[in-house]
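Below: final.csv (CSV, C-alpha atoms)
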chain,number,residue,atom,x,y,z
A,1,MET,CA,96.6,34.4,202.3
A,2,THR,CA,93.1,33.0,202.9
A,3,ASP,CA,89.9,34.9,203.3
A,4,ASP,CA,89.8,34.1,207.0
A,5,GLU,CA,93.3,35.5,207.5
A,6,LEU,CA,92.4,38.7,205.6
A,7,VAL,CA,89.2,39.0,207.6
A,8,ALA,CA,91.1,38.7,210.9
A,9,GLN,CA,93.5,41.5,209.8
A,10,ALA,CA,90.5,43.7,208.6
A,11,ARG,CA,88.9,43.3,211.9
A,12,GLU,CA,91.9,44.9,213.5
A,13,GLY,CA,91.4,47.9,211.3
A,14,ASP,CA,93.6,46.9,208.3
A,15,ALA,CA,91.9,48.6,205.4
A,16,ALA,CA,94.4,47.1,202.9
A,17,ALA,CA,93.4,43.6,204.0
A,18,PHE,CA,89.8,44.4,203.4
A,19,GLY,CA,90.8,46.0,200.0
A,20,GLU,CA,92.2,42.6,199.0
A,21,LEU,CA,88.9,41.0,199.9
A,22,VAL,CA,87.1,43.5,197.7
A,23,LEU,CA,89.4,42.6,194.8
A,24,ARG,CA,88.8,38.9,195.3
A,25,HIS,CA,85.0,39.0,195.5
A,26,GLN,CA,84.0,42.1,193.6
A,27,ALA,CA,83.0,40.2,190.5
A,28,ALA,CA,80.7,37.7,192.4
A,29,VAL,CA,79.2,40.5,194.4
A,30,PHE,CA,78.6,42.7,191.3
A,31,ARG,CA,76.9,39.9,189.4
A,32,ALA,CA,74.7,39.0,192.2
A,33,ALA,CA,73.6,42.6,192.5
A,34,LEU,CA,73.1,42.7,188.8
A,35,ALA,CA,70.9,39.6,188.8
A,36,ALA,CA,68.7,41.2,191.4
A,37,THR,CA,68.5,44.8,190.1
A,38,GLY,CA,68.9,44.4,186.3
A,39,SER,CA,70.9,47.6,186.0
A,40,ALA,CA,74.7,47.9,186.0
A,41,SER,CA,74.6,51.3,187.7
A,42,ASP,CA,72.3,50.0,190.5
A,43,ALA,CA,74.5,46.9,190.8
A,44,ASP,CA,77.5,49.1,191.2
A,45,ASP,CA,75.9,51.1,194.0
A,46,VAL,CA,74.6,47.9,195.7
A,47,ALA,CA,77.9,46.2,195.5
A,48,GLN,CA,79.7,49.2,197.1
A,49,GLU,CA,77.1,49.4,199.8
A,50,ALA,CA,77.4,45.7,200.4
A,51,PHE,CA,81.2,45.9,200.9
A,52,LEU,CA,80.9,48.9,203.3
A,53,LEU,CA,78.2,47.1,205.3
A,54,ALA,CA,80.3,44.0,205.4
A,55,PHE,CA,83.2,46.0,206.7
A,56,ARG,CA,81.0,47.5,209.4
A,57,ARG,CA,79.6,44.1,210.4
A,58,LEU,CA,82.9,42.2,210.3
A,59,GLY,CA,82.6,41.8,214.1
A,60,SER,CA,79.4,39.8,213.7
A,61,PHE,CA,80.9,37.4,211.0
A,62,ARG,CA,81.2,33.9,212.3
A,63,GLU,CA,83.3,31.3,210.6
A,64,ALA,CA,80.3,29.0,210.4
A,65,SER,CA,80.1,29.9,206.7
A,66,SER,CA,82.7,31.2,204.3
A,67,PHE,CA,83.3,34.9,204.0
A,68,LYS,CA,82.1,34.8,200.4
A,69,THR,CA,78.8,33.2,201.4
A,70,TRP,CA,78.3,35.7,204.1
A,71,LEU,CA,79.2,38.6,201.8
A,72,LEU,CA,76.9,37.4,199.1
A,73,SER,CA,74.0,37.2,201.6
A,74,ILE,CA,74.6,40.8,202.6
A,75,THR,CA,74.8,41.7,198.9
A,76,TRP,CA,71.6,39.9,198.1
A,77,ASN,CA,69.7,41.6,200.9
A,78,GLN,CA,70.9,45.0,199.8
A,79,ALA,CA,70.0,44.3,196.2
A,80,ILE,CA,66.5,43.1,197.1
A,81,ASN,CA,66.0,46.3,199.1
A,82,ARG,CA,67.1,48.3,196.1
A,83,ARG,CA,64.8,46.3,193.8
A,84,ARG,CA,61.8,46.8,196.0
A,85,ALA,CA,62.5,50.5,195.9
A,86,SER,CA,62.9,50.6,192.2
A,87,THR,CA,59.9,50.7,189.9
A,88,ARG,CA,62.0,50.7,186.8
A,89,TRP,CA,63.2,47.2,187.3
A,90,TRP,CA,60.5,45.6,185.2
A,91,ARG,CA,61.1,48.0,182.3
A,92,ARG,CA,64.8,47.2,182.3
A,93,MET,CA,64.3,43.5,182.3
A,94,ILE,CA,61.8,43.7,179.5
A,95,ALA,CA,64.1,46.0,177.5
A,96,PHE,CA,66.8,43.3,177.8
A,97,GLY,CA,65.1,41.4,175.0
A,98,ASP,CA,66.1,44.0,172.4
A,99,ALA,CA,69.6,44.8,173.7
A,100,GLY,CA,70.3,41.2,174.3
A,101,SER,CA,69.2,40.1,170.9
A,102,GLN,CA,71.8,42.3,169.2
A,103,GLN,CA,74.6,40.7,171.3
A,104,VAL,CA,73.2,37.3,170.4
A,105,GLY,CA,73.2,38.2,166.7
A,106,VAL,CA,76.9,39.1,166.9
A,107,ALA,CA,77.7,35.9,168.7
A,108,PHE,CA,75.9,33.7,166.3
A,109,ALA,CA,77.4,35.4,163.3
A,110,SER,CA,80.7,33.7,164.0
A,111,ALA,CA,79.1,30.3,163.6
A,112,ALA,CA,78.3,28.8,160.3
A,113,TYR,CA,74.6,29.5,160.2
A,114,THR,CA,72.5,30.7,157.3
A,115,PRO,CA,70.9,34.2,157.5
A,116,GLU,CA,67.5,32.6,158.1
A,117,GLN,CA,68.8,30.5,160.9
A,118,LEU,CA,70.6,33.5,162.4
A,119,ALA,CA,67.4,35.5,162.3
A,120,GLY,CA,65.5,32.7,163.9
A,121,ALA,CA,68.0,32.2,166.6
A,122,GLU,CA,68.1,35.8,167.3
A,123,GLU,CA,64.4,36.0,167.6
A,124,LEU,CA,64.4,32.9,169.8
A,125,ARG,CA,66.9,34.3,172.2
A,126,CYS,CA,65.1,37.5,172.4
A,127,ALA,CA,61.9,35.6,173.2
A,128,ILE,CA,63.8,33.6,175.9
A,129,GLY,CA,65.1,36.9,177.4
A,130,ARG,CA,61.6,38.2,177.6
A,131,ALA,CA,60.3,34.9,179.1
A,132,ILE,CA,63.0,35.0,181.8
A,133,ALA,CA,62.1,38.6,182.6
A,134,VAL,CA,58.5,37.8,183.3
A,135,LEU,CA,59.2,34.7,185.4
A,136,PRO,CA,58.2,34.7,189.0
A,137,ARG,CA,60.9,36.4,190.9
A,138,LYS,CA,62.0,33.4,193.0
A,139,LEU,CA,62.4,31.3,189.8
A,140,ARG,CA,64.2,34.1,187.9
A,141,ASP,CA,66.6,34.8,190.8
A,142,ALA,CA,67.6,31.2,191.1
A,143,LEU,CA,68.1,30.8,187.3
A,144,LEU,CA,70.1,34.0,186.9
A,145,LEU,CA,72.3,33.2,189.9
A,146,ALA,CA,72.8,29.6,188.9
A,147,GLN,CA,73.8,30.5,185.3
A,148,SER,CA,76.1,33.4,186.3
A,149,GLY,CA,78.7,30.7,187.0
A,150,ASP,CA,80.1,32.5,190.1
A,151,TYR,CA,78.2,30.6,192.7
A,152,SER,CA,77.7,27.1,193.9
A,153,TYR,CA,74.2,25.9,194.7
A,154,GLY,CA,75.1,26.1,198.4
A,155,GLU,CA,76.0,29.8,198.0
A,156,ILE,CA,72.8,30.5,196.1
A,157,ALA,CA,70.9,28.7,198.8
A,158,ALA,CA,72.5,30.9,201.5
A,159,MET,CA,71.8,34.0,199.5
A,160,LEU,CA,68.1,33.2,198.9
A,161,GLY,CA,67.6,31.7,202.3
A,162,ALA,CA,66.2,28.5,200.8
A,163,PRO,CA,67.4,24.8,200.9
A,164,GLU,CA,69.8,23.8,198.2
A,165,GLY,CA,67.3,21.3,196.8
A,166,THR,CA,64.7,24.0,196.5
A,167,VAL,CA,67.1,26.2,194.6
A,168,LYS,CA,67.8,23.3,192.1
A,169,TRP,CA,64.0,22.8,191.7
A,170,ARG,CA,63.5,26.5,191.0
A,171,VAL,CA,66.2,26.5,188.3
A,172,SER,CA,64.6,23.5,186.7
A,173,GLU,CA,61.1,25.0,187.0
A,174,ALA,CA,62.3,28.3,185.5
A,175,ARG,CA,63.6,26.5,182.5
A,176,ARG,CA,60.4,24.6,182.1
A,177,GLN,CA,58.3,27.7,182.4
A,178,VAL,CA,60.5,29.5,179.8
A,179,LYS,CA,60.0,26.6,177.4
A,180,ALA,CA,56.3,26.6,178.0
A,181,ALA,CA,56.2,30.3,177.3
A,182,LEU,CA,58.1,29.8,174.1
A,183,GLN,CA,55.7,27.1,173.0
A,184,LYS,CA,52.8,29.3,173.8
A,185,GLN,CA,54.3,32.0,171.6
A,186,GLY,CA,54.6,29.5,168.7
A,187,HIS,CA,58.4,28.9,168.9
A,188,ARG,CA,58.4,25.3,167.7
A,189,GLU,CA,60.7,23.1,165.7
A,190,THR,CA,62.4,25.7,163.6
A,191,GLY,CA,62.9,28.2,166.4
A,192,ARG,CA,60.7,30.7,164.6
A,193,PRO,CA,57.2,31.8,165.3
A,194,GLY,CA,54.8,29.5,163.7
B,1,MET,CA,69.4,25.8,166.0
B,2,ARG,CA,66.4,23.5,166.4
B,3,GLN,CA,64.2,23.9,169.4
B,4,ASP,CA,63.0,20.3,169.4
B,5,ASP,CA,66.3,19.3,171.0
B,6,PRO,CA,65.6,19.8,174.7
B,7,ASP,CA,69.3,19.9,175.7
B,8,SER,CA,70.0,22.5,173.1
B,9,LEU,CA,67.1,24.6,174.3
B,10,ASP,CA,68.2,24.3,177.9
B,11,ARG,CA,71.6,25.4,176.9
B,12,LEU,CA,70.2,28.3,175.0
B,13,ILE,CA,68.1,29.4,178.1
B,14,ASP,CA,71.2,29.1,180.3
B,15,ASP,CA,73.2,31.2,177.8
B,16,VAL,CA,70.6,33.9,177.7
B,17,ALA,CA,70.4,33.9,181.5
B,18,ARG,CA,74.1,34.2,181.8
B,19,GLU,CA,74.1,37.1,179.4
B,20,MET,CA,71.7,38.9,181.7
B,21,THR,CA,74.3,39.0,184.4
B,22,ALA,CA,77.3,39.3,182.1
B,23,ALA,CA,78.3,42.8,183.0
B,24,ARG,CA,81.4,43.4,185.1
B,25,ALA,CA,82.3,46.0,187.6
B,26,ASP,CA,84.7,48.5,186.2
B,27,ASP,CA,88.4,48.7,187.1
B,28,ARG,CA,88.0,51.5,189.5
B,29,PHE,CA,85.4,49.7,191.6
B,30,ALA,CA,87.8,48.5,194.2
B,31,ARG,CA,89.3,52.0,194.5
B,32,ARG,CA,85.9,53.6,195.0
B,33,VAL,CA,85.1,51.1,197.7
B,34,SER,CA,88.4,51.8,199.4
B,35,ALA,CA,87.9,55.6,199.2
B,36,ARG,CA,84.4,55.3,200.8
B,37,LEU,CA,85.8,53.0,203.4
B,38,GLU,CA,88.5,55.5,204.3
B,39,ASP,CA,85.9,58.3,204.5
B,40,ARG,CA,83.8,56.3,206.9
B,41,ILE,CA,86.8,55.3,209.0
B,42,ALA,CA,88.0,58.8,209.2
B,43,GLY,CA,84.7,60.6,209.5
B,44,ALA,CA,81.5,59.0,210.6
B,45,PRO,CA,82.4,56.7,213.4
B,46,ARG,CA,84.2,59.6,215.3
B,47,THR,CA,81.7,62.3,214.9
B,48,TRP,CA,78.3,60.6,215.2
B,49,PRO,CA,78.8,58.9,218.6
B,50,ARG,CA,79.9,62.3,220.0
B,51,ALA,CA,76.8,64.0,218.6
B,52,TRP,CA,74.6,61.3,220.2
B,53,LEU,CA,76.4,61.7,223.5
B,54,LEU,CA,76.1,65.5,223.4
B,55,ALA,CA,72.4,65.6,222.7
B,56,PRO,CA,71.2,64.2,226.1
B,57,ALA,CA,73.9,66.1,227.9
B,58,ALA,CA,72.6,69.4,226.3
B,59,VAL,CA,69.0,68.5,227.4
B,60,ALA,CA,70.2,67.7,230.9
B,61,VAL,CA,72.0,71.1,231.2
B,62,LEU,CA,68.9,72.9,229.8
B,63,LEU,CA,66.6,71.2,232.4
B,64,ALA,CA,69.0,72.0,235.2
B,65,ALA,CA,69.1,75.6,234.2
B,66,LEU,CA,65.3,75.8,234.1
B,67,LEU,CA,65.1,74.2,237.5
B,68,LEU,CA,67.6,76.6,239.0
B,69,ARG,CA,65.8,79.5,237.5
B,70,ASP,CA,62.4,78.6,238.8
B,71,GLY,CA,63.3,77.0,242.1
B,72,ASN,CA,60.5,74.6,241.7
B,73,VAL,CA,58.5,72.7,239.1
B,74,ARG,CA,54.9,73.4,238.7
B,75,LEU,CA,52.9,70.7,237.1
B,76,LYS,CA,49.4,72.1,237.2
B,77,PRO,CA,49.0,75.0,234.8
B,78,ASP,CA,45.7,76.0,236.3
B,79,ALA,CA,47.0,76.1,239.8
B,80,THR,CA,47.4,79.6,240.9
B,81,ALA,CA,50.7,80.0,242.6
B,82,VAL,CA,52.0,83.3,241.3
B,83,GLY,CA,52.1,86.1,243.6
B,84,LYS,CA,53.9,87.4,246.6
B,85,PRO,CA,53.7,85.6,249.9
B,86,ASP,CA,50.7,86.5,252.0
B,87,ALA,CA,49.3,88.6,249.2
B,88,THR,CA,45.6,89.0,248.8
B,89,ALA,CA,43.8,88.5,245.6
B,90,VAL,CA,40.6,90.3,245.0
B,91,SER,CA,38.3,89.2,242.2
B,92,GLN,CA,37.3,91.7,239.7
B,93,PRO,CA,33.6,92.5,239.9
B,94,ASP,CA,33.0,91.9,236.3
B,95,ALA,CA,34.7,88.6,236.0
B,96,THR,CA,32.2,85.8,235.4
B,97,ALA,CA,32.7,82.2,236.2
B,98,VAL,CA,31.2,81.2,232.9
B,99,SER,CA,33.7,82.8,230.7
B,100,GLN,CA,36.6,81.8,232.8
B,101,PRO,CA,35.8,78.5,234.4
B,102,ASP,CA,39.2,77.7,235.8
B,103,ALA,CA,40.8,81.1,235.9
B,104,THR,CA,42.9,81.8,238.8
B,105,ALA,CA,42.9,84.8,241.0
B,106,VAL,CA,45.7,86.4,239.1
B,107,GLN,CA,44.3,85.5,235.7
B,108,ARG,CA,41.0,87.2,236.6
B,109,GLY,CA,42.9,90.4,237.0
B,110,ALA,CA,43.0,90.3,240.7
B,111,THR,CA,45.2,92.7,242.4
B,112,ALA,CA,47.8,91.4,244.7
B,113,VAL,CA,47.9,93.3,247.9
B,114,SER,CA,50.7,92.7,250.4
B,115,GLU,CA,48.6,92.2,253.4
B,116,PRO,CA,49.1,89.1,255.4
B,117,GLY,CA,46.1,87.0,256.1
B,118,ALA,CA,43.9,88.7,253.6
B,119,THR,CA,41.3,86.7,251.7
B,120,VAL,CA,39.9,86.4,248.2
B,121,VAL,CA,36.5,88.1,247.9
B,122,GLY,CA,34.3,86.9,245.1
B,123,LYS,CA,31.6,88.7,243.3
B,124,PRO,CA,28.4,88.5,245.3
B,125,ASP,CA,26.3,87.1,242.5
B,126,ALA,CA,29.0,84.9,241.0
B,127,THR,CA,28.2,81.4,239.8
B,128,PRO,CA,29.7,78.6,241.8
B,129,ASN,CA,33.1,77.9,240.3
B,130,THR,CA,35.6,75.1,240.7
B,131,VAL,CA,39.1,76.2,241.4
B,132,VAL,CA,42.1,74.2,241.9
B,133,ALA,CA,44.3,76.2,244.1
B,134,GLU,CA,47.8,75.4,245.1
B,135,ILE,CA,48.5,76.8,248.5
B,136,ARG,CA,52.1,77.1,249.5
B,137,PRO,CA,52.6,78.0,253.1
B,138,PRO,CA,55.7,80.1,253.6
B,139,ASP,CA,57.2,77.6,256.0
B,140,ALA,CA,56.1,74.4,254.2
B,141,ALA,CA,58.4,72.6,251.9
B,142,LYS,CA,55.7,70.9,249.9
B,143,PRO,CA,52.8,72.7,248.3
B,144,ILE,CA,49.4,71.7,249.4
B,145,THR,CA,46.9,71.2,246.6
B,146,ARG,CA,43.3,71.6,247.5
B,147,LEU,CA,40.2,71.3,245.4
B,148,ALA,CA,37.7,73.9,246.4
B,149,THR,CA,34.4,75.1,245.3
B,150,THR,CA,34.0,78.8,245.6
B,151,THR,CA,30.8,80.7,245.8
B,152,ALA,CA,30.2,84.3,246.2
B,153,GLN,CA,30.4,84.1,249.9
B,154,GLU,CA,33.3,81.7,250.0
B,155,SER,CA,36.8,82.8,250.0
B,156,VAL,CA,40.0,81.1,249.3
B,157,ALA,CA,43.1,82.3,250.8
B,158,SER,CA,46.0,81.4,248.7
B,159,PRO,CA,48.7,83.4,247.3
B,160,PRO,CA,51.8,81.3,247.2
B,161,ALA,CA,55.3,82.2,247.2
B,162,ALA,CA,57.1,83.4,244.1
B,163,ASP,CA,60.7,84.3,243.7
B,164,PHE,CA,60.2,86.9,241.0
B,165,PRO,CA,57.6,89.7,240.4
B,166,VAL,CA,54.9,88.8,238.0
B,167,GLU,CA,52.5,91.3,236.6
B,168,PRO,CA,49.0,90.2,236.9
B,169,LEU,CA,47.3,89.2,233.7
B,170,VAL,CA,44.2,91.1,232.9
B,171,THR,CA,41.8,89.5,230.6
B,172,PRO,CA,39.2,91.8,229.1
B,173,PRO,CA,35.6,90.6,229.4
B,174,ILE,CA,34.0,89.2,226.3
B,175,GLU,CA,31.0,91.3,225.4
B,176,PHE,CA,28.1,90.0,223.3
B,177,ALA,CA,24.6,91.1,223.0
B,178,ALA,CA,22.7,87.9,223.0
B,179,LEU,CA,23.1,84.3,222.1
B,180,ASP,CA,20.6,83.1,219.5
B,181,VAL,CA,20.3,79.4,219.9
B,182,SER,CA,18.0,77.7,217.4
B,183,PRO,CA,16.6,74.2,218.1
B,184,LEU,CA,18.8,71.5,216.9
B,185,VAL,CA,16.1,69.1,215.6
B,186,THR,CA,12.6,69.7,214.5
B,187,ALA,CA,10.8,66.6,215.4
B,188,MET,CA,8.0,65.5,213.1
B,189,PRO,CA,5.0,64.0,214.8
B,190,ILE,CA,4.7,60.3,214.6
B,191,GLU,CA,1.3,59.0,213.7
B,192,ILE,CA,0.6,55.4,214.6
B,193,GLN,CA,-2.5,54.0,213.2
B,194,ALA,CA,-4.4,51.5,215.0
B,195,ILE,CA,-4.2,47.9,213.7
B,196,ALA,CA,-7.6,46.6,213.0
B,197,ILE,CA,-7.9,43.0,214.1
B,198,ASP,CA,-11.3,41.5,214.0
B,199,ARG,CA,-10.7,38.4,216.0
B,200,ILE,CA,-7.8,36.2,217.0
B,201,GLU,CA,-8.6,32.6,216.9
B,202,ILE,CA,-6.7,30.3,219.2
B,203,PRO,CA,-7.2,26.6,218.6
B,204,PRO,CA,-7.8,24.6,221.7
B,205,MET,CA,-4.9,22.7,223.1
B,206,PRO,CA,-5.1,18.9,222.4
Represent the structure contained in this file as structure tokens.
Amino acid sequence: MTDDELVAQAREGDAAAFGELVLRHQAAVFRAALAATGSASDADDVAQEAFLLAFRRLGSFREASSFKTWLLSITWNQAINRRRASTRWWRRMIAFGDAGSQQVGVAFASAAYTPEQLAGAEELRCAIGRAIAVLPRKLRDALLLAQSGDYSYGEIAAMLGAPEGTVKWRVSEARRQVKAALQKQGHRETGRPG
Amino acid sequence: MRQDDPDSLDRLIDDVAREMTAARADDRFARRVSARLEDRIAGAPRTWPRAWLLAPAAVAVLLAALLLRDGNVRLKPDATAVGKPDATAVSQPDATAVSQPDATAVQRGATAVSEPGATVVGKPDATPNTVVAEIRPPDAAKPITRLATTTAQESVASPPAADFPVEPLVTPPIEFAALDVSPLVTAMPIEIQAIAIDRIEIPPMP
């Protein structure tokens, strides 16, 4: 059954049909909320609110866009509202550097790297995480959404309310600024601070 | 892991960005959404619209009850319209116009006397006072509002109709010995010295 068919049933009050839509899109909705809020608990709240809001607004959904795109736009707006209200966001994103580096270390341990290389890679990834966290919001949002793997550029453009070309430029610019930040910190050649 | 490889570094940046949104909603997420959805379907949409409908209805009933109780609506709080029809209000001798500039006959402690055609008699030395009086003839449907300036010799006949007995309000006079008013500003003398100009030379026009 397609999304549009489920939407039509949900509009007639079929909660089970809407439940099926929740199952289909919960991962994409949750990750979009996480990209904006930086917290799994906040993302959970935002995702739930987004689904409830979508259910209430089903009457206003037009098939001009896909249900997923429409749902993601609602999610993003909810998440941005939450982010504006939260003053802890920056601390979470900065703290990612430490937590993320541990995961990175485990991932790299499986590859055939020397301990020195692993230490350097871990440090580098930690620095990348911090550089992403302090990017301008528009660039960071585009980069995180693009790399989550759940959305097409068209869907990201609809979420952010920007043309698709602009989103691509923002992703590219985000990478460039991260690299510039790494260079400024002395991460060159070997991947370790020089 | 060399950073001089741009593709490698781009991939690394993308990996780190992906990890930042790598968490997943837990398995009970869909159930929580469904539960909240059922709560909303069962509860909120039915009760809130009713509450919103009831609020204006309650206000309307309250207003209707007030209107029925009073029989009319009085918009001017300083208009004296309390008293029995054709009653006479007599000003208290010690009531002064300064302390009660817009007081009404009843508020001054006047006594309502049930004598048709009687008048309000002011204090002989009272200060002129502006009174907005609402005169309601017994046979008139609409009240007549008149702006009058009363003096000691003037009188205003007025007691309008009221459907229920109201005891007159008696305001005790405010007593004070004297008012000590000090000057607000002490002006310092301004001394202007003369400007000494010996001579003004004006060159002749060419």
Seminar exercise, completed: Closest of A:Lys68, A:Arg62, A:His25, A:Arg83 to Gly154 (chain A), counting all atoms listed in the file, is A:Lys68
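For the pair CA of Val46 (chain A) and CA of Met1 (chain A), the interatomic distance is 26.6 Å.
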For this session: Please return, as a ChimeraX atom specification, all residues of chain B lying within 10 Å of chain A when only C-alpha atoms are considered.
Result: /B:1-6,9-27,29-34,36-38,40-41
Mind dumping the selected residues with C-alpha atoms as a PDB file, in the coordinates of the input?
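Now in out.pdb:
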ATOM      1  CA  MET B   1      69.400  25.800 166.000  1.00  0.00           C
ATOM      2  CA  ARG B   2      66.400  23.500 166.400  1.00  0.00           C
ATOM      3  CA  GLN B   3      64.200  23.900 169.400  1.00  0.00           C
ATOM      4  CA  ASP B   4      63.000  20.300 169.400  1.00  0.00           C
ATOM      5  CA  ASP B   5      66.300  19.300 171.000  1.00  0.00           C
ATOM      6  CA  PRO B   6      65.600  19.800 174.700  1.00  0.00           C
ATOM      7  CA  LEU B   9      67.100  24.600 174.300  1.00  0.00           C
ATOM      8  CA  ASP B  10      68.200  24.300 177.900  1.00  0.00           C
ATOM      9  CA  ARG B  11      71.600  25.400 176.900  1.00  0.00           C
ATOM     10  CA  LEU B  12      70.200  28.300 175.000  1.00  0.00           C
ATOM     11  CA  ILE B  13      68.100  29.400 178.100  1.00  0.00           C
ATOM     12  CA  ASP B  14      71.200  29.100 180.300  1.00  0.00           C
ATOM     13  CA  ASP B  15      73.200  31.200 177.800  1.00  0.00           C
ATOM     14  CA  VAL B  16      70.600  33.900 177.700  1.00  0.00           C
ATOM     15  CA  ALA B  17      70.400  33.900 181.500  1.00  0.00           C
ATOM     16  CA  ARG B  18      74.100  34.200 181.800  1.00  0.00           C
ATOM     17  CA  GLU B  19      74.100  37.100 179.400  1.00  0.00           C
ATOM     18  CA  MET B  20      71.700  38.900 181.700  1.00  0.00           C
ATOM     19  CA  THR B  21      74.300  39.000 184.400  1.00  0.00           C
ATOM     20  CA  ALA B  22      77.300  39.300 182.100  1.00  0.00           C
ATOM     21  CA  ALA B  23      78.300  42.800 183.000  1.00  0.00           C
ATOM     22  CA  ARG B  24      81.400  43.400 185.100  1.00  0.00           C
ATOM     23  CA  ALA B  25      82.300  46.000 187.600  1.00  0.00           C
ATOM     24  CA  ASP B  26      84.700  48.500 186.200  1.00  0.00           C
ATOM     25  CA  ASP B  27      88.400  48.700 187.100  1.00  0.00           C
ATOM     26  CA  PHE B  29      85.400  49.700 191.600  1.00  0.00           C
ATOM     27  CA  ALA B  30      87.800  48.500 194.200  1.00  0.00           C
ATOM     28  CA  ARG B  31      89.300  52.000 194.500  1.00  0.00           C
ATOM     29  CA  ARG B  32      85.900  53.600 195.000  1.00  0.00           C
ATOM     30  CA  VAL B  33      85.100  51.100 197.700  1.00  0.00           C
ATOM     31  CA  SER B  34      88.400  51.800 199.400  1.00  0.00           C
ATOM     32  CA  ARG B  36      84.400  55.300 200.800  1.00  0.00           C
ATOM     33  CA  LEU B  37      85.800  53.000 203.400  1.00  0.00           C
ATOM     34  CA  GLU B  38      88.500  55.500 204.300  1.00  0.00           C
ATOM     35  CA  ARG B  40      83.800  56.300 206.900  1.00  0.00           C
ATOM     36  CA  ILE B  41      86.800  55.300 209.000  1.00  0.00           C
TER      37      ILE B  41
END
For this session: Find the distance between CA of Met159 (chain A) and CA of Pro136 (chain A) and write it in Å to one decimal.
Result: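 Here the two named atoms are 17.2 Å from each other.
In this structure, CA of Ser60 (chain A) sits 24.7 Å away from CA of Asp150 (chain A).
Close contacts of Phe67 (chain A), defined as residues with an atom at most 8 Å away when counting all atoms listed in the file, with chain neighbours fewer than 6 positions off set aside, comprise Asp3, Asp4 and Phe61 of chain A.
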